[in-house]
Structure formats: structure tokens, C-alpha cells
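Trainee: The file below is data.pdb, PDB, N, CA and C atoms, pLDDT in the B column:
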```
ATOM      1  N   MET A   1     256.092 155.798  70.176  1.00 88.00           N
ATOM      2  CA  MET A   1     256.223 157.228  69.969  1.00 88.00           C
ATOM      3  C   MET A   1     257.404 157.749  70.793  1.00 88.00           C
ATOM      4  N   VAL A   2     258.212 158.558  70.172  1.00 89.00           N
ATOM      5  CA  VAL A   2     259.384 159.140  70.832  1.00 89.00           C
ATOM      6  C   VAL A   2     258.945 160.364  71.628  1.00 89.00           C
ATOM      7  N   PRO A   3     259.357 160.448  72.904  1.00 91.00           N
ATOM      8  CA  PRO A   3     258.960 161.618  73.705  1.00 91.00           C
ATOM      9  C   PRO A   3     259.632 162.900  73.206  1.00 91.00           C
ATOM     10  N   LYS A   4     258.910 163.978  73.279  1.00 91.00           N
ATOM     11  CA  LYS A   4     259.439 165.281  72.874  1.00 91.00           C
ATOM     12  C   LYS A   4     260.354 165.813  73.975  1.00 91.00           C
ATOM     13  N   ILE A   5     261.564 166.193  73.597  1.00 88.00           N
ATOM     14  CA  ILE A   5     262.535 166.730  74.552  1.00 88.00           C
ATOM     15  C   ILE A   5     262.762 168.205  74.225  1.00 88.00           C
ATOM     16  N   THR A   6     262.637 169.038  75.213  1.00 88.00           N
ATOM     17  CA  THR A   6     262.861 170.471  75.039  1.00 88.00           C
ATOM     18  C   THR A   6     264.070 170.886  75.860  1.00 88.00           C
ATOM     19  N   CYS A   7     264.930 171.667  75.245  1.00 88.00           N
ATOM     20  CA  CYS A   7     266.063 172.210  75.991  1.00 88.00           C
ATOM     21  C   CYS A   7     266.232 173.681  75.610  1.00 88.00           C
ATOM     22  N   HIS A   8     266.927 174.386  76.453  1.00 89.00           N
ATOM     23  CA  HIS A   8     267.157 175.811  76.226  1.00 89.00           C
ATOM     24  C   HIS A   8     268.654 176.050  76.104  1.00 89.00           C
ATOM     25  N   PHE A   9     269.026 176.883  75.126  1.00 92.00           N
ATOM     26  CA  PHE A   9     270.435 177.181  74.909  1.00 92.00           C
ATOM     27  C   PHE A   9     270.583 178.593  74.368  1.00 92.00           C
ATOM     28  N   TRP A  10     271.804 179.063  74.403  1.00 91.00           N
ATOM     29  CA  TRP A  10     272.133 180.353  73.797  1.00 91.00           C
ATOM     30  C   TRP A  10     272.955 180.091  72.550  1.00 91.00           C
ATOM     31  N   HIS A  11     272.725 180.887  71.514  1.00 93.00           N
ATOM     32  CA  HIS A  11     273.584 180.872  70.333  1.00 93.00           C
ATOM     33  C   HIS A  11     274.332 182.201  70.326  1.00 93.00           C
ATOM     34  N   ILE A  12     275.616 182.130  70.557  1.00 92.00           N
ATOM     35  CA  ILE A  12     276.462 183.326  70.610  1.00 92.00           C
ATOM     36  C   ILE A  12     277.389 183.287  69.405  1.00 92.00           C
ATOM     37  N   THR A  13     277.492 184.416  68.702  1.00 93.00           N
ATOM     38  CA  THR A  13     278.340 184.449  67.517  1.00 93.00           C
ATOM     39  C   THR A  13     279.102 185.769  67.418  1.00 93.00           C
ATOM     40  N   ASP A  14     280.307 185.693  66.904  1.00 92.00           N
ATOM     41  CA  ASP A  14     281.121 186.871  66.564  1.00 92.00           C
ATOM     42  C   ASP A  14     281.281 187.886  67.685  1.00 92.00           C
ATOM     43  N   ILE A  15     281.701 187.451  68.834  1.00 92.00           N
ATOM     44  CA  ILE A  15     281.893 188.368  69.958  1.00 92.00           C
ATOM     45  C   ILE A  15     283.077 189.308  69.726  1.00 92.00           C
ATOM     46  N   HIS A  16     284.159 188.809  69.183  1.00 94.00           N
ATOM     47  CA  HIS A  16     285.370 189.601  68.953  1.00 94.00           C
ATOM     48  C   HIS A  16     285.839 190.303  70.228  1.00 94.00           C
ATOM     49  N   LEU A  17     286.033 189.544  71.277  1.00 95.00           N
ATOM     50  CA  LEU A  17     286.486 190.082  72.559  1.00 95.00           C
ATOM     51  C   LEU A  17     287.890 190.659  72.435  1.00 95.00           C
ATOM     52  N   ASP A  18     288.087 191.853  72.958  1.00 97.00           N
ATOM     53  CA  ASP A  18     289.404 192.506  72.974  1.00 97.00           C
ATOM     54  C   ASP A  18     289.816 192.740  74.420  1.00 97.00           C
ATOM     55  N   LEU A  19     290.703 191.908  74.925  1.00 96.00           N
ATOM     56  CA  LEU A  19     291.143 192.029  76.315  1.00 96.00           C
ATOM     57  C   LEU A  19     292.059 193.231  76.535  1.00 96.00           C
ATOM     58  N   ASP A  20     292.525 193.862  75.446  1.00 96.00           N
ATOM     59  CA  ASP A  20     293.365 195.057  75.563  1.00 96.00           C
ATOM     60  C   ASP A  20     292.571 196.351  75.382  1.00 96.00           C
ATOM     61  N   TYR A  21     291.252 196.238  75.250  1.00 97.00           N
ATOM     62  CA  TYR A  21     290.389 197.413  75.108  1.00 97.00           C
ATOM     63  C   TYR A  21     290.584 198.317  76.320  1.00 97.00           C
ATOM     64  N   THR A  22     290.693 199.617  76.076  1.00 95.00           N
ATOM     65  CA  THR A  22     290.900 200.581  77.152  1.00 95.00           C
ATOM     66  C   THR A  22     289.823 201.656  77.095  1.00 95.00           C
ATOM     67  N   VAL A  23     289.037 201.766  78.156  1.00 95.00           N
ATOM     68  CA  VAL A  23     288.049 202.846  78.226  1.00 95.00           C
ATOM     69  C   VAL A  23     288.811 204.161  78.142  1.00 95.00           C
ATOM     70  N   GLY A  24     288.399 205.026  77.230  1.00 94.00           N
ATOM     71  CA  GLY A  24     289.098 206.286  77.017  1.00 94.00           C
ATOM     72  C   GLY A  24     290.209 206.182  75.988  1.00 94.00           C
ATOM     73  N   GLY A  25     290.464 204.955  75.502  1.00 94.00           N
ATOM     74  CA  GLY A  25     291.486 204.763  74.471  1.00 94.00           C
ATOM     75  C   GLY A  25     291.065 205.405  73.161  1.00 94.00           C
ATOM     76  N   ASP A  26     291.984 205.512  72.245  1.00 92.00           N
ATOM     77  CA  ASP A  26     291.745 206.165  70.963  1.00 92.00           C
ATOM     78  C   ASP A  26     290.955 205.241  70.033  1.00 92.00           C
ATOM     79  N   THR A  27     289.764 205.666  69.623  1.00 92.00           N
ATOM     80  CA  THR A  27     288.929 204.840  68.746  1.00 92.00           C
ATOM     81  C   THR A  27     289.531 204.684  67.356  1.00 92.00           C
ATOM     82  N   LYS A  28     290.461 205.526  66.999  1.00 90.00           N
ATOM     83  CA  LYS A  28     291.140 205.395  65.708  1.00 90.00           C
ATOM     84  C   LYS A  28     292.345 204.453  65.809  1.00 90.00           C
ATOM     85  N   ARG A  29     292.626 203.987  67.023  1.00 89.00           N
ATOM     86  CA  ARG A  29     293.746 203.054  67.256  1.00 89.00           C
ATOM     87  C   ARG A  29     293.243 201.810  67.996  1.00 89.00           C
ATOM     88  N   ASN A  30     292.125 201.257  67.524  1.00 92.00           N
ATOM     89  CA  ASN A  30     291.552 200.023  68.080  1.00 92.00           C
ATOM     90  C   ASN A  30     291.142 200.132  69.541  1.00 92.00           C
ATOM     91  N   CYS A  31     290.859 201.326  70.002  1.00 93.00           N
ATOM     92  CA  CYS A  31     290.427 201.558  71.396  1.00 93.00           C
ATOM     93  C   CYS A  31     291.479 201.093  72.394  1.00 93.00           C
ATOM     94  N   ARG A  32     292.709 201.275  72.022  1.00 89.00           N
ATOM     95  CA  ARG A  32     293.811 200.941  72.920  1.00 89.00           C
ATOM     96  C   ARG A  32     294.320 202.231  73.544  1.00 89.00           C
ATOM     97  N   ARG A  33     295.078 202.097  74.593  1.00 82.00           N
ATOM     98  CA  ARG A  33     295.642 203.264  75.271  1.00 82.00           C
ATOM     99  C   ARG A  33     296.438 204.094  74.263  1.00 82.00           C
ATOM    100  N   SER A  34     296.306 205.403  74.348  1.00 72.00           N
ATOM    101  CA  SER A  34     296.994 206.291  73.423  1.00 72.00           C
ATOM    102  C   SER A  34     297.711 207.387  74.192  1.00 72.00           C
ATOM    103  N   SER A  35     298.895 207.729  73.717  1.00 63.00           N
ATOM    104  CA  SER A  35     299.663 208.774  74.393  1.00 63.00           C
ATOM    105  C   SER A  35     299.345 210.158  73.838  1.00 63.00           C
ATOM    106  N   THR A  36     298.568 210.209  72.764  1.00 64.00           N
ATOM    107  CA  THR A  36     298.227 211.502  72.169  1.00 64.00           C
ATOM    108  C   THR A  36     296.722 211.719  72.202  1.00 64.00           C
ATOM    109  N   SER A  37     296.330 212.950  72.142  1.00 62.00           N
ATOM    110  CA  SER A  37     294.901 213.285  72.055  1.00 62.00           C
ATOM    111  C   SER A  37     294.732 214.391  71.030  1.00 62.00           C
ATOM    112  N   GLY A  38     294.969 214.048  69.766  1.00 66.00           N
ATOM    113  CA  GLY A  38     294.913 215.013  68.683  1.00 66.00           C
ATOM    114  C   GLY A  38     293.526 215.574  68.439  1.00 66.00           C
ATOM    115  N   HIS A  39     293.435 216.381  67.393  1.00 66.00           N
ATOM    116  CA  HIS A  39     292.200 217.090  67.050  1.00 66.00           C
ATOM    117  C   HIS A  39     291.015 216.136  66.834  1.00 66.00           C
ATOM    118  N   ASN A  40     291.241 214.996  66.201  1.00 76.00           N
ATOM    119  CA  ASN A  40     290.167 214.050  65.894  1.00 76.00           C
ATOM    120  C   ASN A  40     290.012 212.954  66.943  1.00 76.00           C
ATOM    121  N   PHE A  41     290.612 213.126  68.097  1.00 82.00           N
ATOM    122  CA  PHE A  41     290.555 212.104  69.145  1.00 82.00           C
ATOM    123  C   PHE A  41     289.130 211.949  69.669  1.00 82.00           C
ATOM    124  N   ARG A  42     288.667 210.712  69.719  1.00 88.00           N
ATOM    125  CA  ARG A  42     287.354 210.389  70.288  1.00 88.00           C
ATOM    126  C   ARG A  42     287.564 209.214  71.231  1.00 88.00           C
ATOM    127  N   PRO A  43     287.353 209.399  72.535  1.00 92.00           N
ATOM    128  CA  PRO A  43     287.644 208.340  73.498  1.00 92.00           C
ATOM    129  C   PRO A  43     286.652 207.180  73.425  1.00 92.00           C
ATOM    130  N   ALA A  44     287.152 205.981  73.673  1.00 95.00           N
ATOM    131  CA  ALA A  44     286.319 204.778  73.685  1.00 95.00           C
ATOM    132  C   ALA A  44     285.432 204.757  74.929  1.00 95.00           C
ATOM    133  N   ALA A  45     284.189 204.382  74.744  1.00 96.00           N
ATOM    134  CA  ALA A  45     283.225 204.335  75.847  1.00 96.00           C
ATOM    135  C   ALA A  45     283.337 203.029  76.635  1.00 96.00           C
ATOM    136  N   ARG A  46     282.693 202.999  77.782  1.00 96.00           N
ATOM    137  CA  ARG A  46     282.761 201.839  78.684  1.00 96.00           C
ATOM    138  C   ARG A  46     282.285 200.544  78.020  1.00 96.00           C
ATOM    139  N   TYR A  47     281.199 200.626  77.266  1.00 96.00           N
ATOM    140  CA  TYR A  47     280.622 199.424  76.662  1.00 96.00           C
ATOM    141  C   TYR A  47     280.982 199.252  75.191  1.00 96.00           C
ATOM    142  N   GLY A  48     282.001 199.936  74.730  1.00 96.00           N
ATOM    143  CA  GLY A  48     282.479 199.707  73.381  1.00 96.00           C
ATOM    144  C   GLY A  48     282.298 200.876  72.439  1.00 96.00           C
ATOM    145  N   ASP A  49     282.763 200.644  71.222  1.00 96.00           N
ATOM    146  CA  ASP A  49     282.690 201.642  70.164  1.00 96.00           C
ATOM    147  C   ASP A  49     282.550 200.912  68.837  1.00 96.00           C
ATOM    148  N   TYR A  50     281.854 201.518  67.912  1.00 93.00           N
ATOM    149  CA  TYR A  50     281.622 200.923  66.598  1.00 93.00           C
ATOM    150  C   TYR A  50     282.926 200.543  65.895  1.00 93.00           C
ATOM    151  N   ASN A  51     283.973 201.311  66.084  1.00 93.00           N
ATOM    152  CA  ASN A  51     285.241 201.080  65.392  1.00 93.00           C
ATOM    153  C   ASN A  51     286.131 200.037  66.058  1.00 93.00           C
ATOM    154  N   CYS A  52     285.686 199.445  67.151  1.00 96.00           N
ATOM    155  CA  CYS A  52     286.552 198.553  67.920  1.00 96.00           C
ATOM    156  C   CYS A  52     285.865 197.231  68.239  1.00 96.00           C
ATOM    157  N   ASP A  53     286.679 196.242  68.602  1.00 96.00           N
ATOM    158  CA  ASP A  53     286.129 194.972  69.059  1.00 96.00           C
ATOM    159  C   ASP A  53     285.534 195.147  70.453  1.00 96.00           C
ATOM    160  N   SER A  54     284.841 194.136  70.923  1.00 96.00           N
ATOM    161  CA  SER A  54     284.076 194.226  72.177  1.00 96.00           C
ATOM    162  C   SER A  54     284.955 194.212  73.421  1.00 96.00           C
ATOM    163  N   PRO A  55     284.723 195.149  74.334  1.00 98.00           N
ATOM    164  CA  PRO A  55     285.428 195.117  75.618  1.00 98.00           C
ATOM    165  C   PRO A  55     284.793 194.072  76.537  1.00 98.00           C
ATOM    166  N   TRP A  56     285.546 193.617  77.537  1.00 97.00           N
ATOM    167  CA  TRP A  56     285.058 192.627  78.489  1.00 97.00           C
ATOM    168  C   TRP A  56     283.760 193.092  79.155  1.00 97.00           C
ATOM    169  N   GLU A  57     283.654 194.369  79.477  1.00 97.00           N
ATOM    170  CA  GLU A  57     282.468 194.904  80.157  1.00 97.00           C
ATOM    171  C   GLU A  57     281.200 194.681  79.327  1.00 97.00           C
ATOM    172  N   LEU A  58     281.283 194.824  78.018  1.00 97.00           N
ATOM    173  CA  LEU A  58     280.129 194.598  77.142  1.00 97.00           C
ATOM    174  C   LEU A  58     279.749 193.121  77.107  1.00 97.00           C
ATOM    175  N   VAL A  59     280.738 192.245  76.964  1.00 96.00           N
ATOM    176  CA  VAL A  59     280.477 190.806  76.919  1.00 96.00           C
ATOM    177  C   VAL A  59     279.849 190.345  78.233  1.00 96.00           C
ATOM    178  N   ARG A  60     280.409 190.783  79.342  1.00 96.00           N
ATOM    179  CA  ARG A  60     279.888 190.408  80.658  1.00 96.00           C
ATOM    180  C   ARG A  60     278.444 190.896  80.834  1.00 96.00           C
ATOM    181  N   SER A  61     278.178 192.116  80.423  1.00 96.00           N
ATOM    182  CA  SER A  61     276.830 192.676  80.528  1.00 96.00           C
ATOM    183  C   SER A  61     275.834 191.891  79.672  1.00 96.00           C
ATOM    184  N   ALA A  62     276.237 191.511  78.472  1.00 94.00           N
ATOM    185  CA  ALA A  62     275.356 190.747  77.581  1.00 94.00           C
ATOM    186  C   ALA A  62     275.010 189.386  78.177  1.00 94.00           C
ATOM    187  N   VAL A  63     276.008 188.702  78.728  1.00 92.00           N
ATOM    188  CA  VAL A  63     275.768 187.385  79.325  1.00 92.00           C
ATOM    189  C   VAL A  63     274.863 187.501  80.546  1.00 92.00           C
ATOM    190  N   ARG A  64     275.103 188.479  81.368  1.00 94.00           N
ATOM    191  CA  ARG A  64     274.246 188.680  82.550  1.00 94.00           C
ATOM    192  C   ARG A  64     272.799 188.968  82.150  1.00 94.00           C
ATOM    193  N   THR A  65     272.610 189.773  81.127  1.00 95.00           N
ATOM    194  CA  THR A  65     271.263 190.099  80.664  1.00 95.00           C
ATOM    195  C   THR A  65     270.574 188.872  80.079  1.00 95.00           C
ATOM    196  N   MET A  66     271.303 188.071  79.298  1.00 92.00           N
ATOM    197  CA  MET A  66     270.714 186.842  78.758  1.00 92.00           C
ATOM    198  C   MET A  66     270.286 185.915  79.889  1.00 92.00           C
ATOM    199  N   GLU A  67     271.109 185.823  80.914  1.00 92.00           N
ATOM    200  CA  GLU A  67     270.779 184.971  82.056  1.00 92.00           C
ATOM    201  C   GLU A  67     269.530 185.486  82.787  1.00 92.00           C
ATOM    202  N   GLU A  68     269.444 186.796  82.980  1.00 94.00           N
ATOM    203  CA  GLU A  68     268.279 187.386  83.651  1.00 94.00           C
ATOM    204  C   GLU A  68     266.997 187.184  82.845  1.00 94.00           C
ATOM    205  N   LYS A  69     267.091 187.332  81.531  1.00 90.00           N
ATOM    206  CA  LYS A  69     265.907 187.251  80.671  1.00 90.00           C
ATOM    207  C   LYS A  69     265.469 185.819  80.381  1.00 90.00           C
ATOM    208  N   HIS A  70     266.435 184.906  80.278  1.00 85.00           N
ATOM    209  CA  HIS A  70     266.124 183.560  79.796  1.00 85.00           C
ATOM    210  C   HIS A  70     266.447 182.444  80.779  1.00 85.00           C
ATOM    211  N   GLY A  71     266.979 182.768  81.941  1.00 84.00           N
ATOM    212  CA  GLY A  71     267.207 181.766  82.981  1.00 84.00           C
ATOM    213  C   GLY A  71     268.259 180.729  82.644  1.00 84.00           C
ATOM    214  N   GLU A  72     268.065 179.550  83.205  1.00 86.00           N
ATOM    215  CA  GLU A  72     269.048 178.483  83.048  1.00 86.00           C
ATOM    216  C   GLU A  72     268.995 177.869  81.655  1.00 86.00           C
ATOM    217  N   ILE A  73     270.156 177.431  81.192  1.00 91.00           N
ATOM    218  CA  ILE A  73     270.279 176.819  79.877  1.00 91.00           C
ATOM    219  C   ILE A  73     270.997 175.486  80.015  1.00 91.00           C
ATOM    220  N   GLU A  74     270.870 174.651  78.995  1.00 93.00           N
ATOM    221  CA  GLU A  74     271.562 173.362  78.984  1.00 93.00           C
ATOM    222  C   GLU A  74     272.944 173.463  78.343  1.00 93.00           C
ATOM    223  N   PHE A  75     273.078 174.334  77.346  1.00 93.00           N
ATOM    224  CA  PHE A  75     274.373 174.472  76.678  1.00 93.00           C
ATOM    225  C   PHE A  75     274.436 175.791  75.919  1.00 93.00           C
ATOM    226  N   ILE A  76     275.643 176.101  75.442  1.00 92.00           N
ATOM    227  CA  ILE A  76     275.882 177.295  74.629  1.00 92.00           C
ATOM    228  C   ILE A  76     276.436 176.847  73.286  1.00 92.00           C
ATOM    229  N   LEU A  77     275.852 177.329  72.207  1.00 94.00           N
ATOM    230  CA  LEU A  77     276.353 177.095  70.861  1.00 94.00           C
ATOM    231  C   LEU A  77     277.130 178.348  70.479  1.00 94.00           C
ATOM    232  N   TRP A  78     278.454 178.229  70.403  1.00 91.00           N
ATOM    233  CA  TRP A  78     279.320 179.383  70.168  1.00 91.00           C
ATOM    234  C   TRP A  78     279.937 179.251  68.783  1.00 91.00           C
ATOM    235  N   THR A  79     279.562 180.151  67.883  1.00 91.00           N
ATOM    236  CA  THR A  79     280.057 180.091  66.505  1.00 91.00           C
ATOM    237  C   THR A  79     280.638 181.440  66.103  1.00 91.00           C
ATOM    238  N   GLY A  80     281.254 181.454  64.939  1.00 82.00           N
ATOM    239  CA  GLY A  80     281.733 182.721  64.392  1.00 82.00           C
ATOM    240  C   GLY A  80     283.137 182.999  64.623  1.00 82.00           C
TER     241      GLY A  80
END
```
Since I need it in another form, could you write the structure as C-alpha cells?
Mentor:
Amino acid sequence: MVPKITCHFWHITDIHLDLDYTVGGDTKRNCRRSSTSGHNFRPAARYGDYNCDSPWELVRSAVRTMEEKHGEIEFILWTG
């Protein structure tokens, strides 16, 4: 009989990290720094915006939370 082996891992997909994300940047311009603040200007929030890719702060927060909730892992399956 083969022994049962259990391991723990994370499956992370489609992070879309944007290292140029700027808190307060223009959400209509990929949440990048903007020199204008027109009538429809909506600033990008600290943890991201629906119209933009993920800022580093959001990715870091997600990983820290996964670690707190699920502890140590053997590997990460990163797809997408």
C-alpha cells in the first residue's frame, strides 16, 4: 500500500502586477501619475481600482493574509 502524502500549496492566478501603479493616479489612465485633474478625475486608491492592474500593496497584502490564514506551504502554483 502506498502511503498517503499531504501537502499544502497556494494557487495564484492572474495577478497582473503593475509596478508603475500610483496611489492617487488617474483611474482613466491606468492608475498612473497624471498631470491633470479634470472634471471626471477619480484618484486610484491604495489597494487598487477596478479599472487598473494590481498595485504592489494589494499583492503584498494578499500574500500576507494567505500566510496568516493558511500557514506554511510546500510550493506555489502560479498560473495565468
Trainee: So how far away is CA of His8 (chain A) from atom C of Asp53 (chain A), in Å?
Mentor: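 Going from atom C of Asp53 (chain A) over to CA of His8 (chain A), I get 27.3 Å.
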Trainee: Could you tell me, as a PDB file with N, CA and C atoms, keeping the file's coordinate frame, which residues of chain A DSSP assigns to strand (DSSP E or B) when given the backbone?
Mentor:
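Result went into states_0.pdb, see below:
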```pdb
ATOM      1  N   PHE A   9     269.026 176.883  75.126  1.00 92.00           N
ATOM      2  CA  PHE A   9     270.435 177.181  74.909  1.00 92.00           C
ATOM      3  C   PHE A   9     270.583 178.593  74.368  1.00 92.00           C
ATOM      4  N   TRP A  10     271.804 179.063  74.403  1.00 91.00           N
ATOM      5  CA  TRP A  10     272.133 180.353  73.797  1.00 91.00           C
ATOM      6  C   TRP A  10     272.955 180.091  72.550  1.00 91.00           C
ATOM      7  N   HIS A  11     272.725 180.887  71.514  1.00 93.00           N
ATOM      8  CA  HIS A  11     273.584 180.872  70.333  1.00 93.00           C
ATOM      9  C   HIS A  11     274.332 182.201  70.326  1.00 93.00           C
ATOM     10  N   ILE A  12     275.616 182.130  70.557  1.00 92.00           N
ATOM     11  CA  ILE A  12     276.462 183.326  70.610  1.00 92.00           C
ATOM     12  C   ILE A  12     277.389 183.287  69.405  1.00 92.00           C
ATOM     13  N   THR A  13     277.492 184.416  68.702  1.00 93.00           N
ATOM     14  CA  THR A  13     278.340 184.449  67.517  1.00 93.00           C
ATOM     15  C   THR A  13     279.102 185.769  67.418  1.00 93.00           C
ATOM     16  N   LEU A  17     286.033 189.544  71.277  1.00 95.00           N
ATOM     17  CA  LEU A  17     286.486 190.082  72.559  1.00 95.00           C
ATOM     18  C   LEU A  17     287.890 190.659  72.435  1.00 95.00           C
ATOM     19  N   ASP A  26     291.984 205.512  72.245  1.00 92.00           N
ATOM     20  CA  ASP A  26     291.745 206.165  70.963  1.00 92.00           C
ATOM     21  C   ASP A  26     290.955 205.241  70.033  1.00 92.00           C
ATOM     22  N   ARG A  32     292.709 201.275  72.022  1.00 89.00           N
ATOM     23  CA  ARG A  32     293.811 200.941  72.920  1.00 89.00           C
ATOM     24  C   ARG A  32     294.320 202.231  73.544  1.00 89.00           C
ATOM     25  N   PRO A  43     287.353 209.399  72.535  1.00 92.00           N
ATOM     26  CA  PRO A  43     287.644 208.340  73.498  1.00 92.00           C
ATOM     27  C   PRO A  43     286.652 207.180  73.425  1.00 92.00           C
ATOM     28  N   ALA A  45     284.189 204.382  74.744  1.00 96.00           N
ATOM     29  CA  ALA A  45     283.225 204.335  75.847  1.00 96.00           C
ATOM     30  C   ALA A  45     283.337 203.029  76.635  1.00 96.00           C
ATOM     31  N   GLY A  48     282.001 199.936  74.730  1.00 96.00           N
ATOM     32  CA  GLY A  48     282.479 199.707  73.381  1.00 96.00           C
ATOM     33  C   GLY A  48     282.298 200.876  72.439  1.00 96.00           C
ATOM     34  N   SER A  54     284.841 194.136  70.923  1.00 96.00           N
ATOM     35  CA  SER A  54     284.076 194.226  72.177  1.00 96.00           C
ATOM     36  C   SER A  54     284.955 194.212  73.421  1.00 96.00           C
ATOM     37  N   PHE A  75     273.078 174.334  77.346  1.00 93.00           N
ATOM     38  CA  PHE A  75     274.373 174.472  76.678  1.00 93.00           C
ATOM     39  C   PHE A  75     274.436 175.791  75.919  1.00 93.00           C
ATOM     40  N   ILE A  76     275.643 176.101  75.442  1.00 92.00           N
ATOM     41  CA  ILE A  76     275.882 177.295  74.629  1.00 92.00           C
ATOM     42  C   ILE A  76     276.436 176.847  73.286  1.00 92.00           C
ATOM     43  N   LEU A  77     275.852 177.329  72.207  1.00 94.00           N
ATOM     44  CA  LEU A  77     276.353 177.095  70.861  1.00 94.00           C
ATOM     45  C   LEU A  77     277.130 178.348  70.479  1.00 94.00           C
ATOM     46  N   TRP A  78     278.454 178.229  70.403  1.00 91.00           N
ATOM     47  CA  TRP A  78     279.320 179.383  70.168  1.00 91.00           C
ATOM     48  C   TRP A  78     279.937 179.251  68.783  1.00 91.00           C
ATOM     49  N   THR A  79     279.562 180.151  67.883  1.00 91.00           N
ATOM     50  CA  THR A  79     280.057 180.091  66.505  1.00 91.00           C
ATOM     51  C   THR A  79     280.638 181.440  66.103  1.00 91.00           C
TER      52      THR A  79
END
```
Trainee: Could you list the residues chosen by the PyMOL selection byres ((chain A and resi 31) around 8) in this structure as number ranges by chain?
Mentor: A: 20-30, 32-34, 43-45, 49, 51-53
Trainee: To one decimal place, how far is atom N of Ile73 (chain A) from atom N of Trp56 (chain A) in Å?
Mentor: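 So the answer is 22.6 Å.
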Trainee: Would you mind listing what lies within 12 Å of Met66 (chain A) as a ChimeraX atom specification, with only C-alpha atoms counted and same-chain residues fewer than 2 positions away left out?
Mentor: /A:8-12,59-64,68-73,76
Trainee: As AutoDock Vina command-line options, what would the box around region 16-29 of chain A look like: edges along x, y and z, 5 Å added on every side, centre and edge lengths in Å to one decimal?
Mentor:
```
--center_x 289.0 --center_y 197.5 --center_z 72.0 --size_x 19.6 --size_y 27.5 --size_z 22.5
```
Trainee: Could you state which residues are captured by the PyMOL selection byres (((chain A and resi 54 and name CA) around 6) and name CA) in this file, as an mmCIF file with N, CA and C atoms, keeping the file's coordinate frame?
Mentor:
```
data_model
loop_
_atom_site.group_PDB
_atom_site.id
_atom_site.type_symbol
_atom_site.label_atom_id
_atom_site.label_comp_id
_atom_site.auth_asym_id
_atom_site.auth_seq_id
_atom_site.Cartn_x
_atom_site.Cartn_y
_atom_site.Cartn_z
ATOM 1 N N HIS A 16 284.159 188.809 69.183
ATOM 2 C CA HIS A 16 285.370 189.601 68.953
ATOM 3 C C HIS A 16 285.839 190.303 70.228
ATOM 4 N N LEU A 17 286.033 189.544 71.277
ATOM 5 C CA LEU A 17 286.486 190.082 72.559
ATOM 6 C C LEU A 17 287.890 190.659 72.435
ATOM 7 N N ASP A 18 288.087 191.853 72.958
ATOM 8 C CA ASP A 18 289.404 192.506 72.974
ATOM 9 C C ASP A 18 289.816 192.740 74.420
ATOM 10 N N GLY A 48 282.001 199.936 74.730
ATOM 11 C CA GLY A 48 282.479 199.707 73.381
ATOM 12 C C GLY A 48 282.298 200.876 72.439
ATOM 13 N N ASP A 53 286.679 196.242 68.602
ATOM 14 C CA ASP A 53 286.129 194.972 69.059
ATOM 15 C C ASP A 53 285.534 195.147 70.453
ATOM 16 N N PRO A 55 284.723 195.149 74.334
ATOM 17 C CA PRO A 55 285.428 195.117 75.618
ATOM 18 C C PRO A 55 284.793 194.072 76.537
#
```
Trainee: What does the distance from CA of Glu74 (chain A) to CA of Val2 (chain A) come to in Å, to one decimal?
Mentor: 20.4 Å
Trainee: Quick one: of A:Gly80, A:Met1, A:Glu57, A:Glu67, who's nearest to Ile15 (chain A), counting only C-alpha atoms?
Mentor: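 That would be A:Gly80, the residue with the smallest distance to Ile15 (chain A).
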Trainee: Looking only at helix (DSSP H, G or I) from DSSP on the backbone, list the matching residues of region 8-77 of chain A as number ranges by chain.
Mentor: A: 27-29, 56-70
